[in-house]
Amino acid sequence: MSKGTLFDKVWDLHTVGTLPSGQTQLFIGLHLIHEVTSPQAFAMLRERGLKVLFPDRTVATVDHIVPTENQARPFVDSLAEEMMQALEKNVKDNGIVFHNIGSGSQGIVHVIAPEQGLTQPGMTIACGDSHTSTHGAFGAIAFGIGTSQVRDVLASQTLALSKLKVRKIEVNGTLQPGVYAKDVVLHIIRTLGVKGGVGYAYEFAGNTFENMDMEERMTVCNMAIEGGARCGYVNPDSVTYDYLKGRDFAPKGTDWDKAVAWWESLRSDENAKYDDIVVFQAEHISPTVTWGITPGQGMG
């Protein structure tokens with residue numbers, strides 16, 4: 001098994017205990033919710049007479065169903081309006097911060113959290129959306145979860161998970177003109193397969209990723225789930241810290257210096273042990289075209 005990786009360090013720091021099933025009960029530092037997967041989860045809480053255990057660790061926004069042409073209420077789509085009303089009621093009843101339409105901070109859940117500095121290195125993050133792996137770009141361990149798991153996090157702030165293996169995916173070199181972050185991750189997925197990452201966390205390493213900005217790293221980590229990996233991450237560095245500094249929820253003053261020192265300690269050790277290592281050369285990656293229904297259907 002892996003040892004000394006960022007994944008191992010963050011996992012161990014957030015382990016509450018080992019369940020009879022052998023799974024880890026993992027504490028979730030930040031729970032992001034939206035209108036699609038949360039209504040049923042809140043309904044299950046009400047059926048059991050439960051409240052949200054840590055509303056201050058839960059952040060909501062409306063994301064998937066917001067109309068692009070006319071956002072006047074009620075929405076023309078009656079189902080979308082019903083989902084919107086359910087979210088508004090649930091966040092109000094449970095004292096959850098809500099970035100609603102008109103707030104100036106509403107948007108795609110995996111964008112607003114980084115933009116506000118809510119996503120930080122060393123965190124465990126969960127959201128009822130498959131592309132939660134996006135937050136791994138900041139050196140967080142982020143899981144996309146289903147509705148029943150959304151219920152579990154709301155009720156207990158923990159998840160029952162089996163520990164993943166860690167695959168280091170190293171890409172070195174300079175990308176050729178016309179080749180971007182999406183091409184890199186599509187090349188990786190095409191090579192390893194859409195199921196190649198099942199049971200793994202992907203650590204994206206090498207100077208190609210080190211030279212990417214945060215948006216590019218987010219693009220890569222966003223696609224980790226498309227390659228079958230439960231999560232994907234990049235070790236935090238000066239690019240990460242420059243992005244986060246000064247954002248609303250980022251540490252301030254002397255707390256910032258302490259935070260950076262701690263984040264640095266979470267980086268994978270130089271002699272870290274991995275379950276698997278795959279190496280690519282950047283110059284071998286070409287612009288990629290995809291078709292069909294999976295990202296594995298692609299070619300240079």
# chains A, B, ... in the order shown; residues from 1 in each chain; ligands from 1
>>> closest_atom_pairs(of="segment 70-168 of chain A", to="segment 31-41 of chain A", cutoff="9 Å", atoms="only C-alpha atoms", output="JSON lines")
{"residue": "A:Ala80", "atom": "CA", "partner": "A:Glu35", "partner_atom": "CA", "distance": 8.8}
{"residue": "A:Met83", "atom": "CA", "partner": "A:Glu35", "partner_atom": "CA", "distance": 5.8}
{"residue": "A:Met84", "atom": "CA", "partner": "A:Glu35", "partner_atom": "CA", "distance": 6.3}
{"residue": "A:Gln85", "atom": "CA", "partner": "A:Glu35", "partner_atom": "CA", "distance": 9.0}
{"residue": "A:Ala86", "atom": "CA", "partner": "A:Pro39", "partner_atom": "CA", "distance": 6.2}
{"residue": "A:Leu87", "atom": "CA", "partner": "A:Glu35", "partner_atom": "CA", "distance": 5.6}
{"residue": "A:Glu88", "atom": "CA", "partner": "A:Glu35", "partner_atom": "CA", "distance": 8.9}
{"residue": "A:Asn90", "atom": "CA", "partner": "A:Pro39", "partner_atom": "CA", "distance": 7.8}
{"residue": "A:Val109", "atom": "CA", "partner": "A:Leu32", "partner_atom": "CA", "distance": 7.2}
{"residue": "A:His110", "atom": "CA", "partner": "A:Leu32", "partner_atom": "CA", "distance": 8.7}
{"residue": "A:Ala113", "atom": "CA", "partner": "A:Leu32", "partner_atom": "CA", "distance": 8.3}
{"residue": "A:Thr124", "atom": "CA", "partner": "A:His31", "partner_atom": "CA", "distance": 8.7}
{"residue": "A:Ile125", "atom": "CA", "partner": "A:His31", "partner_atom": "CA", "distance": 5.9}
{"residue": "A:Ala126", "atom": "CA", "partner": "A:His31", "partner_atom": "CA", "distance": 5.1}
{"residue": "A:Cys127", "atom": "CA", "partner": "A:Leu32", "partner_atom": "CA", "distance": 4.9}
{"residue": "A:Gly128", "atom": "CA", "partner": "A:Thr37", "partner_atom": "CA", "distance": 5.7}
{"residue": "A:Asp129", "atom": "CA", "partner": "A:Thr37", "partner_atom": "CA", "distance": 7.8}
{"residue": "A:Gly146", "atom": "CA", "partner": "A:Thr37", "partner_atom": "CA", "distance": 7.3}
{"residue": "A:Thr147", "atom": "CA", "partner": "A:Thr37", "partner_atom": "CA", "distance": 5.4}
{"residue": "A:Ser148", "atom": "CA", "partner": "A:Ala41", "partner_atom": "CA", "distance": 6.3}
{"residue": "A:Gln149", "atom": "CA", "partner": "A:Ala41", "partner_atom": "CA", "distance": 8.2}
{"residue": "A:Val150", "atom": "CA", "partner": "A:Ala41", "partner_atom": "CA", "distance": 6.0}
{"residue": "A:Arg151", "atom": "CA", "partner": "A:Ala41", "partner_atom": "CA", "distance": 4.5}
{"residue": "A:Asp152", "atom": "CA", "partner": "A:Ala41", "partner_atom": "CA", "distance": 8.3}
{"residue": "A:Val153", "atom": "CA", "partner": "A:His31", "partner_atom": "CA", "distance": 7.3}
{"residue": "A:Leu154", "atom": "CA", "partner": "A:His31", "partner_atom": "CA", "distance": 8.0}
{"residue": "A:Gln157", "atom": "CA", "partner": "A:His31", "partner_atom": "CA", "distance": 8.0}
>>> residues_around(residues="segment 247-262 of chain A", least_positions_apart="5", cutoff="6 Å", atoms="only C-alpha atoms", output="list in words")
Gln116, Gly117 and Leu118 of chain A
>>> write_last_selection(atoms="C-alpha atoms", output="mmCIF file, in the first residue's frame")
data_model
loop_
_atom_site.group_PDB
_atom_site.id
_atom_site.type_symbol
_atom_site.label_atom_id
_atom_site.label_comp_id
_atom_site.auth_asym_id
_atom_site.auth_seq_id
_atom_site.Cartn_x
_atom_site.Cartn_y
_atom_site.Cartn_z
ATOM 1 C CA GLN A 116 -13.977 32.105 -2.474
ATOM 2 C CA GLY A 117 -11.075 30.254 -0.901
ATOM 3 C CA LEU A 118 -13.320 27.608 0.640
#
>>> closest_atom_pairs(of="segment 99-144 of chain A", to="segment 45-68 of chain A", cutoff="7 Å", atoms="only C-alpha atoms", output="CSV")
residue,atom,partner,partner_atom,distance
A:His99,CA,A:Thr61,CA,4.7
A:Asn100,CA,A:Thr61,CA,5.9
A:Gln106,CA,A:Thr61,CA,6.0
A:Gly107,CA,A:Asp63,CA,5.8
A:Ile108,CA,A:Asp63,CA,5.3
A:Val109,CA,A:Asp63,CA,6.4
>>> residues_around(residues="Gly122 of chain A", least_positions_apart="2", cutoff="6 Å", atoms="only C-alpha atoms", output="count of residues only")
3
>>> select_by_dssp(residues="segment 60-235 of chain A", states="alpha helix (DSSP H)", output="PyMOL selection string")
chain A and resi 78-94+109-115+147-156+181-192+207-210+214-222
>>> residues_around(residues="Asn172 of chain A", least_positions_apart="3", cutoff="12 Å", atoms="only C-alpha atoms", output="ChimeraX atom specification")
/A:169,175,184,204-212,278-285
>>> residues_around(residues="segment 294-298 of chain A", least_positions_apart="4", cutoff="9 Å", atoms="only C-alpha atoms", output="list in words")
Leu186, His187, Ile189, Arg190, Thr191, Gly193, Val194, Glu226, Gly227, Thr288, Val289 and Thr290 of chain A
>>> write_last_selection(atoms="all heavy atoms", output="PDB file, in the first residue's frame")
ATOM      1  N   LEU A 186      -7.146  13.762 -21.340  1.00  0.00           N
ATOM      2  CA  LEU A 186      -7.782  12.838 -22.284  1.00  0.00           C
ATOM      3  C   LEU A 186      -6.785  11.802 -22.797  1.00  0.00           C
ATOM      4  O   LEU A 186      -7.136  10.634 -23.005  1.00  0.00           O
ATOM      5  CB  LEU A 186      -8.396  13.615 -23.448  1.00  0.00           C
ATOM      6  CG  LEU A 186      -9.681  14.380 -23.150  1.00  0.00           C
ATOM      7  CD1 LEU A 186     -10.071  15.254 -24.335  1.00  0.00           C
ATOM      8  CD2 LEU A 186     -10.823  13.429 -22.808  1.00  0.00           C
ATOM      9  N   HIS A 187      -5.547  12.205 -22.973  1.00  0.00           N
ATOM     10  CA  HIS A 187      -4.495  11.270 -23.385  1.00  0.00           C
ATOM     11  C   HIS A 187      -4.268  10.214 -22.293  1.00  0.00           C
ATOM     12  O   HIS A 187      -4.119   9.021 -22.591  1.00  0.00           O
ATOM     13  CB  HIS A 187      -3.208  12.040 -23.660  1.00  0.00           C
ATOM     14  CG  HIS A 187      -2.063  11.174 -24.087  1.00  0.00           C
ATOM     15  ND1 HIS A 187      -1.913  10.721 -25.384  1.00  0.00           N
ATOM     16  CD2 HIS A 187      -1.016  10.654 -23.376  1.00  0.00           C
ATOM     17  CE1 HIS A 187      -0.819   9.973 -25.457  1.00  0.00           C
ATOM     18  NE2 HIS A 187      -0.260   9.926 -24.261  1.00  0.00           N
ATOM     19  N   ILE A 189      -6.452   9.259 -19.984  1.00  0.00           N
ATOM     20  CA  ILE A 189      -7.627   8.386 -19.916  1.00  0.00           C
ATOM     21  C   ILE A 189      -7.655   7.410 -21.082  1.00  0.00           C
ATOM     22  O   ILE A 189      -7.975   6.225 -20.913  1.00  0.00           O
ATOM     23  CB  ILE A 189      -8.919   9.238 -19.872  1.00  0.00           C
ATOM     24  CG1 ILE A 189      -8.997  10.010 -18.552  1.00  0.00           C
ATOM     25  CG2 ILE A 189     -10.159   8.349 -20.036  1.00  0.00           C
ATOM     26  CD1 ILE A 189     -10.117  11.023 -18.499  1.00  0.00           C
ATOM     27  N   ARG A 190      -7.301   7.894 -22.268  1.00  0.00           N
ATOM     28  CA  ARG A 190      -7.304   7.021 -23.442  1.00  0.00           C
ATOM     29  C   ARG A 190      -6.272   5.894 -23.286  1.00  0.00           C
ATOM     30  O   ARG A 190      -6.491   4.768 -23.724  1.00  0.00           O
ATOM     31  CB  ARG A 190      -7.023   7.840 -24.703  1.00  0.00           C
ATOM     32  CG  ARG A 190      -7.189   7.044 -26.002  1.00  0.00           C
ATOM     33  CD  ARG A 190      -7.151   7.936 -27.235  1.00  0.00           C
ATOM     34  NE  ARG A 190      -5.822   8.428 -27.524  1.00  0.00           N
ATOM     35  CZ  ARG A 190      -5.442   9.688 -27.381  1.00  0.00           C
ATOM     36  NH1 ARG A 190      -6.291  10.590 -26.925  1.00  0.00           N
ATOM     37  NH2 ARG A 190      -4.209  10.062 -27.696  1.00  0.00           N
ATOM     38  N   THR A 191      -5.160   6.211 -22.639  1.00  0.00           N
ATOM     39  CA  THR A 191      -4.097   5.227 -22.465  1.00  0.00           C
ATOM     40  C   THR A 191      -4.423   4.223 -21.366  1.00  0.00           C
ATOM     41  O   THR A 191      -4.245   3.012 -21.541  1.00  0.00           O
ATOM     42  CB  THR A 191      -2.769   5.935 -22.136  1.00  0.00           C
ATOM     43  OG1 THR A 191      -2.467   6.877 -23.167  1.00  0.00           O
ATOM     44  CG2 THR A 191      -1.635   4.923 -22.028  1.00  0.00           C
ATOM     45  N   GLY A 193      -7.479   3.873 -19.835  1.00  0.00           N
ATOM     46  CA  GLY A 193      -8.840   3.379 -19.929  1.00  0.00           C
ATOM     47  C   GLY A 193      -9.785   4.084 -18.976  1.00  0.00           C
ATOM     48  O   GLY A 193      -9.368   4.607 -17.933  1.00  0.00           O
ATOM     49  N   VAL A 194     -11.060   4.104 -19.333  1.00  0.00           N
ATOM     50  CA  VAL A 194     -12.062   4.782 -18.503  1.00  0.00           C
ATOM     51  C   VAL A 194     -12.301   4.043 -17.185  1.00  0.00           C
ATOM     52  O   VAL A 194     -12.859   4.605 -16.249  1.00  0.00           O
ATOM     53  CB  VAL A 194     -13.394   4.964 -19.260  1.00  0.00           C
ATOM     54  CG1 VAL A 194     -13.238   5.929 -20.415  1.00  0.00           C
ATOM     55  CG2 VAL A 194     -13.935   3.621 -19.743  1.00  0.00           C
ATOM     56  N   GLU A 226     -13.573  10.610 -14.681  1.00  0.00           N
ATOM     57  CA  GLU A 226     -13.873  10.064 -16.004  1.00  0.00           C
ATOM     58  C   GLU A 226     -12.914   8.928 -16.381  1.00  0.00           C
ATOM     59  O   GLU A 226     -13.206   8.139 -17.286  1.00  0.00           O
ATOM     60  CB  GLU A 226     -13.788  11.170 -17.070  1.00  0.00           C
ATOM     61  CG  GLU A 226     -14.685  12.367 -16.830  1.00  0.00           C
ATOM     62  CD  GLU A 226     -16.162  12.063 -17.036  1.00  0.00           C
ATOM     63  OE1 GLU A 226     -16.493  10.940 -17.428  1.00  0.00           O
ATOM     64  OE2 GLU A 226     -16.979  12.970 -16.784  1.00  0.00           O
ATOM     65  N   GLY A 227     -11.796   8.857 -15.660  1.00  0.00           N
ATOM     66  CA  GLY A 227     -10.863   7.752 -15.862  1.00  0.00           C
ATOM     67  C   GLY A 227     -11.037   6.659 -14.832  1.00  0.00           C
ATOM     68  O   GLY A 227     -10.185   5.770 -14.719  1.00  0.00           O
ATOM     69  N   THR A 288      -6.476  16.489 -28.987  1.00  0.00           N
ATOM     70  CA  THR A 288      -7.346  15.312 -28.958  1.00  0.00           C
ATOM     71  C   THR A 288      -8.776  15.649 -29.353  1.00  0.00           C
ATOM     72  O   THR A 288      -9.323  16.669 -28.931  1.00  0.00           O
ATOM     73  CB  THR A 288      -7.336  14.685 -27.546  1.00  0.00           C
ATOM     74  OG1 THR A 288      -5.994  14.313 -27.217  1.00  0.00           O
ATOM     75  CG2 THR A 288      -8.215  13.446 -27.485  1.00  0.00           C
ATOM     76  N   VAL A 289      -9.348  14.771 -30.145  1.00  0.00           N
ATOM     77  CA  VAL A 289     -10.761  14.877 -30.519  1.00  0.00           C
ATOM     78  C   VAL A 289     -11.481  13.681 -29.917  1.00  0.00           C
ATOM     79  O   VAL A 289     -10.991  12.550 -29.967  1.00  0.00           O
ATOM     80  CB  VAL A 289     -10.932  14.860 -32.054  1.00  0.00           C
ATOM     81  CG1 VAL A 289     -12.410  14.863 -32.427  1.00  0.00           C
ATOM     82  CG2 VAL A 289     -10.226  16.059 -32.677  1.00  0.00           C
ATOM     83  N   THR A 290     -12.646  13.915 -29.303  1.00  0.00           N
ATOM     84  CA  THR A 290     -13.438  12.816 -28.751  1.00  0.00           C
ATOM     85  C   THR A 290     -14.776  12.722 -29.470  1.00  0.00           C
ATOM     86  O   THR A 290     -15.230  13.682 -30.094  1.00  0.00           O
ATOM     87  CB  THR A 290     -13.702  13.004 -27.247  1.00  0.00           C
ATOM     88  OG1 THR A 290     -14.423  14.231 -27.046  1.00  0.00           O
ATOM     89  CG2 THR A 290     -12.411  13.053 -26.462  1.00  0.00           C
TER      90      THR A 290
END
>>> select_by_dssp(residues="segment 93-299 of chain A", states="strand (DSSP E or B)", output="number ranges by chain")
A: 97-99, 124-127, 141-144, 158-161, 165-172, 200-205, 231-233, 273, 276-281, 289-290, 298-299
>>> closest_residue(among="A:Ser286, A:Thr174, A:Thr240, A:Ser162", to="Thr15 of chain A", atoms="only C-alpha atoms")
A:Ser162
>>> closest_residue(among="A:Asp237, A:Asp183, A:Asp77, A:Asp242", to="Thr219 of chain A", atoms="only C-alpha atoms")
A:Asp183
>>> residues_around(residues="Met1 of chain A", least_positions_apart="5", cutoff="12 Å", atoms="only C-alpha atoms", output="list of chain:residue names")
A:Phe7, A:Asp8, A:Lys163, A:Leu164, A:Lys165, A:Val166, A:Arg167, A:Tyr200, A:Ala272, A:Lys273, A:Tyr274, A:Asp275, A:Asp276
>>> write_last_selection(atoms="N, CA and C atoms", output="tab-separated table (two decimals), in the first residue's frame")
chain	number	residue	atom	x	y	z
A	7	PHE	N	-2.21	11.91	-0.23
A	7	PHE	CA	-3.46	11.18	0.03
A	7	PHE	C	-3.40	10.47	1.36
A	8	ASP	N	-2.31	9.76	1.63
A	8	ASP	CA	-2.19	9.03	2.89
A	8	ASP	C	-2.21	9.97	4.09
A	163	LYS	N	-10.22	2.57	1.91
A	163	LYS	CA	-9.06	3.35	1.50
A	163	LYS	C	-8.62	2.97	0.09
A	164	LEU	N	-8.28	3.99	-0.68
A	164	LEU	CA	-7.89	3.79	-2.07
A	164	LEU	C	-6.40	3.50	-2.20
A	165	LYS	N	-6.04	2.86	-3.28
A	165	LYS	CA	-4.65	2.79	-3.68
A	165	LYS	C	-4.29	4.13	-4.34
A	166	VAL	N	-3.00	4.41	-4.46
A	166	VAL	CA	-2.58	5.67	-5.05
A	166	VAL	C	-1.70	5.40	-6.27
A	167	ARG	N	-2.12	5.94	-7.40
A	167	ARG	CA	-1.32	5.85	-8.63
A	167	ARG	C	-0.73	7.23	-8.94
A	200	TYR	N	-8.52	3.60	-7.26
A	200	TYR	CA	-7.34	4.44	-7.10
A	200	TYR	C	-7.69	5.90	-6.81
A	272	ALA	N	8.09	8.86	-1.09
A	272	ALA	CA	6.77	8.27	-0.89
A	272	ALA	C	6.63	6.98	-1.70
A	273	LYS	N	5.86	6.06	-1.14
A	273	LYS	CA	5.62	4.79	-1.81
A	273	LYS	C	4.26	4.83	-2.49
A	274	TYR	N	4.22	4.43	-3.76
A	274	TYR	CA	2.97	4.42	-4.53
A	274	TYR	C	2.61	2.98	-4.90
A	275	ASP	N	1.33	2.77	-5.11
A	275	ASP	CA	0.88	1.45	-5.55
A	275	ASP	C	1.15	1.23	-7.03
A	276	ASP	N	1.28	2.33	-7.77
A	276	ASP	CA	1.55	2.23	-9.20
A	276	ASP	C	2.09	3.58	-9.66
>>> atom_distance(atom1="atom CA of Gly197 of chain A", atom2="atom CA of Thr158 of chain A")
23.6 Å
>>> atom_distance(atom1="atom CA of Glu216 of chain A", atom2="atom CA of Leu26 of chain A")
28.5 Å
>>> decode(residues="segment 123-136 of chain A", atoms="all heavy atoms", output="PDB file, in the first residue's frame")
ATOM      1  N   MET A 123      -7.682  19.437   2.800  1.00  0.00           N
ATOM      2  CA  MET A 123      -9.073  19.245   3.203  1.00  0.00           C
ATOM      3  C   MET A 123      -9.625  17.938   2.652  1.00  0.00           C
ATOM      4  O   MET A 123      -9.133  17.403   1.653  1.00  0.00           O
ATOM      5  CB  MET A 123      -9.945  20.400   2.696  1.00  0.00           C
ATOM      6  CG  MET A 123      -9.615  21.747   3.255  1.00  0.00           C
ATOM      7  SD  MET A 123     -10.773  23.028   2.663  1.00  0.00           S
ATOM      8  CE  MET A 123     -12.226  22.608   3.613  1.00  0.00           C
ATOM      9  N   THR A 124     -10.649  17.436   3.313  1.00  0.00           N
ATOM     10  CA  THR A 124     -11.514  16.422   2.724  1.00  0.00           C
ATOM     11  C   THR A 124     -12.800  17.136   2.331  1.00  0.00           C
ATOM     12  O   THR A 124     -13.388  17.869   3.130  1.00  0.00           O
ATOM     13  CB  THR A 124     -11.830  15.290   3.717  1.00  0.00           C
ATOM     14  OG1 THR A 124     -12.244  15.857   4.966  1.00  0.00           O
ATOM     15  CG2 THR A 124     -10.622  14.396   3.935  1.00  0.00           C
ATOM     16  N   ILE A 125     -13.217  16.942   1.078  1.00  0.00           N
ATOM     17  CA  ILE A 125     -14.382  17.638   0.532  1.00  0.00           C
ATOM     18  C   ILE A 125     -15.313  16.610  -0.094  1.00  0.00           C
ATOM     19  O   ILE A 125     -14.853  15.656  -0.734  1.00  0.00           O
ATOM     20  CB  ILE A 125     -13.948  18.671  -0.520  1.00  0.00           C
ATOM     21  CG1 ILE A 125     -13.020  19.719   0.114  1.00  0.00           C
ATOM     22  CG2 ILE A 125     -15.152  19.359  -1.169  1.00  0.00           C
ATOM     23  CD1 ILE A 125     -12.419  20.703  -0.878  1.00  0.00           C
ATOM     24  N   ALA A 126     -16.601  16.791   0.086  1.00  0.00           N
ATOM     25  CA  ALA A 126     -17.591  15.912  -0.531  1.00  0.00           C
ATOM     26  C   ALA A 126     -18.694  16.754  -1.144  1.00  0.00           C
ATOM     27  O   ALA A 126     -19.019  17.836  -0.645  1.00  0.00           O
ATOM     28  CB  ALA A 126     -18.174  14.940   0.488  1.00  0.00           C
ATOM     29  N   CYS A 127     -19.256  16.248  -2.235  1.00  0.00           N
ATOM     30  CA  CYS A 127     -20.375  16.911  -2.897  1.00  0.00           C
ATOM     31  C   CYS A 127     -21.117  15.868  -3.704  1.00  0.00           C
ATOM     32  O   CYS A 127     -20.511  14.955  -4.266  1.00  0.00           O
ATOM     33  CB  CYS A 127     -19.877  18.042  -3.800  1.00  0.00           C
ATOM     34  SG  CYS A 127     -21.190  18.885  -4.742  1.00  0.00           S
ATOM     35  N   GLY A 128     -22.434  16.005  -3.768  1.00  0.00           N
ATOM     36  CA  GLY A 128     -23.242  15.075  -4.538  1.00  0.00           C
ATOM     37  C   GLY A 128     -23.158  15.353  -6.018  1.00  0.00           C
ATOM     38  O   GLY A 128     -24.158  15.627  -6.681  1.00  0.00           O
ATOM     39  N   ASP A 129     -21.955  15.273  -6.562  1.00  0.00           N
ATOM     40  CA  ASP A 129     -21.706  15.528  -7.969  1.00  0.00           C
ATOM     41  C   ASP A 129     -20.408  14.822  -8.328  1.00  0.00           C
ATOM     42  O   ASP A 129     -19.405  14.942  -7.628  1.00  0.00           O
ATOM     43  CB  ASP A 129     -21.580  17.043  -8.217  1.00  0.00           C
ATOM     44  CG  ASP A 129     -21.419  17.370  -9.697  1.00  0.00           C
ATOM     45  OD1 ASP A 129     -20.290  17.280 -10.189  1.00  0.00           O
ATOM     46  OD2 ASP A 129     -22.431  17.697 -10.335  1.00  0.00           O
ATOM     47  N   SER A 130     -20.411  14.099  -9.448  1.00  0.00           N
ATOM     48  CA  SER A 130     -19.260  13.262  -9.787  1.00  0.00           C
ATOM     49  C   SER A 130     -17.970  14.046  -9.970  1.00  0.00           C
ATOM     50  O   SER A 130     -16.881  13.542  -9.682  1.00  0.00           O
ATOM     51  CB  SER A 130     -19.558  12.450 -11.050  1.00  0.00           C
ATOM     52  OG  SER A 130     -19.828  13.304 -12.145  1.00  0.00           O
ATOM     53  N   HIS A 131     -18.062  15.284 -10.422  1.00  0.00           N
ATOM     54  CA  HIS A 131     -16.846  16.036 -10.732  1.00  0.00           C
ATOM     55  C   HIS A 131     -16.276  16.801  -9.544  1.00  0.00           C
ATOM     56  O   HIS A 131     -15.492  17.731  -9.713  1.00  0.00           O
ATOM     57  CB  HIS A 131     -17.107  16.974 -11.911  1.00  0.00           C
ATOM     58  CG  HIS A 131     -17.309  16.239 -13.190  1.00  0.00           C
ATOM     59  ND1 HIS A 131     -18.550  16.066 -13.758  1.00  0.00           N
ATOM     60  CD2 HIS A 131     -16.440  15.574 -13.987  1.00  0.00           C
ATOM     61  CE1 HIS A 131     -18.433  15.347 -14.868  1.00  0.00           C
ATOM     62  NE2 HIS A 131     -17.161  15.030 -15.029  1.00  0.00           N
ATOM     63  N   THR A 132     -16.634  16.361  -8.339  1.00  0.00           N
ATOM     64  CA  THR A 132     -16.059  16.947  -7.127  1.00  0.00           C
ATOM     65  C   THR A 132     -14.550  16.767  -7.091  1.00  0.00           C
ATOM     66  O   THR A 132     -13.840  17.512  -6.399  1.00  0.00           O
ATOM     67  CB  THR A 132     -16.711  16.317  -5.884  1.00  0.00           C
ATOM     68  OG1 THR A 132     -18.136  16.442  -5.995  1.00  0.00           O
ATOM     69  CG2 THR A 132     -16.271  16.996  -4.608  1.00  0.00           C
ATOM     70  N   SER A 133     -14.046  15.812  -7.850  1.00  0.00           N
ATOM     71  CA  SER A 133     -12.596  15.603  -7.920  1.00  0.00           C
ATOM     72  C   SER A 133     -11.859  16.869  -8.364  1.00  0.00           C
ATOM     73  O   SER A 133     -10.647  16.989  -8.152  1.00  0.00           O
ATOM     74  CB  SER A 133     -12.271  14.452  -8.883  1.00  0.00           C
ATOM     75  OG  SER A 133     -12.855  14.652 -10.162  1.00  0.00           O
ATOM     76  N   THR A 134     -12.574  17.826  -8.954  1.00  0.00           N
ATOM     77  CA  THR A 134     -11.990  19.106  -9.375  1.00  0.00           C
ATOM     78  C   THR A 134     -11.170  19.755  -8.262  1.00  0.00           C
ATOM     79  O   THR A 134     -10.102  20.310  -8.494  1.00  0.00           O
ATOM     80  CB  THR A 134     -13.105  20.086  -9.812  1.00  0.00           C
ATOM     81  OG1 THR A 134     -13.886  19.480 -10.838  1.00  0.00           O
ATOM     82  CG2 THR A 134     -12.525  21.390 -10.320  1.00  0.00           C
ATOM     83  N   HIS A 135     -11.667  19.678  -7.030  1.00  0.00           N
ATOM     84  CA  HIS A 135     -11.042  20.371  -5.900  1.00  0.00           C
ATOM     85  C   HIS A 135      -9.677  19.786  -5.542  1.00  0.00           C
ATOM     86  O   HIS A 135      -8.909  20.407  -4.796  1.00  0.00           O
ATOM     87  CB  HIS A 135     -11.971  20.333  -4.692  1.00  0.00           C
ATOM     88  CG  HIS A 135     -13.318  20.934  -4.957  1.00  0.00           C
ATOM     89  ND1 HIS A 135     -13.617  22.254  -4.717  1.00  0.00           N
ATOM     90  CD2 HIS A 135     -14.446  20.387  -5.488  1.00  0.00           C
ATOM     91  CE1 HIS A 135     -14.872  22.503  -5.074  1.00  0.00           C
ATOM     92  NE2 HIS A 135     -15.394  21.381  -5.551  1.00  0.00           N
ATOM     93  N   GLY A 136      -9.367  18.615  -6.068  1.00  0.00           N
ATOM     94  CA  GLY A 136      -8.054  18.035  -5.840  1.00  0.00           C
ATOM     95  C   GLY A 136      -6.928  18.863  -6.419  1.00  0.00           C
ATOM     96  O   GLY A 136      -5.762  18.700  -6.048  1.00  0.00           O
TER      97      GLY A 136
END
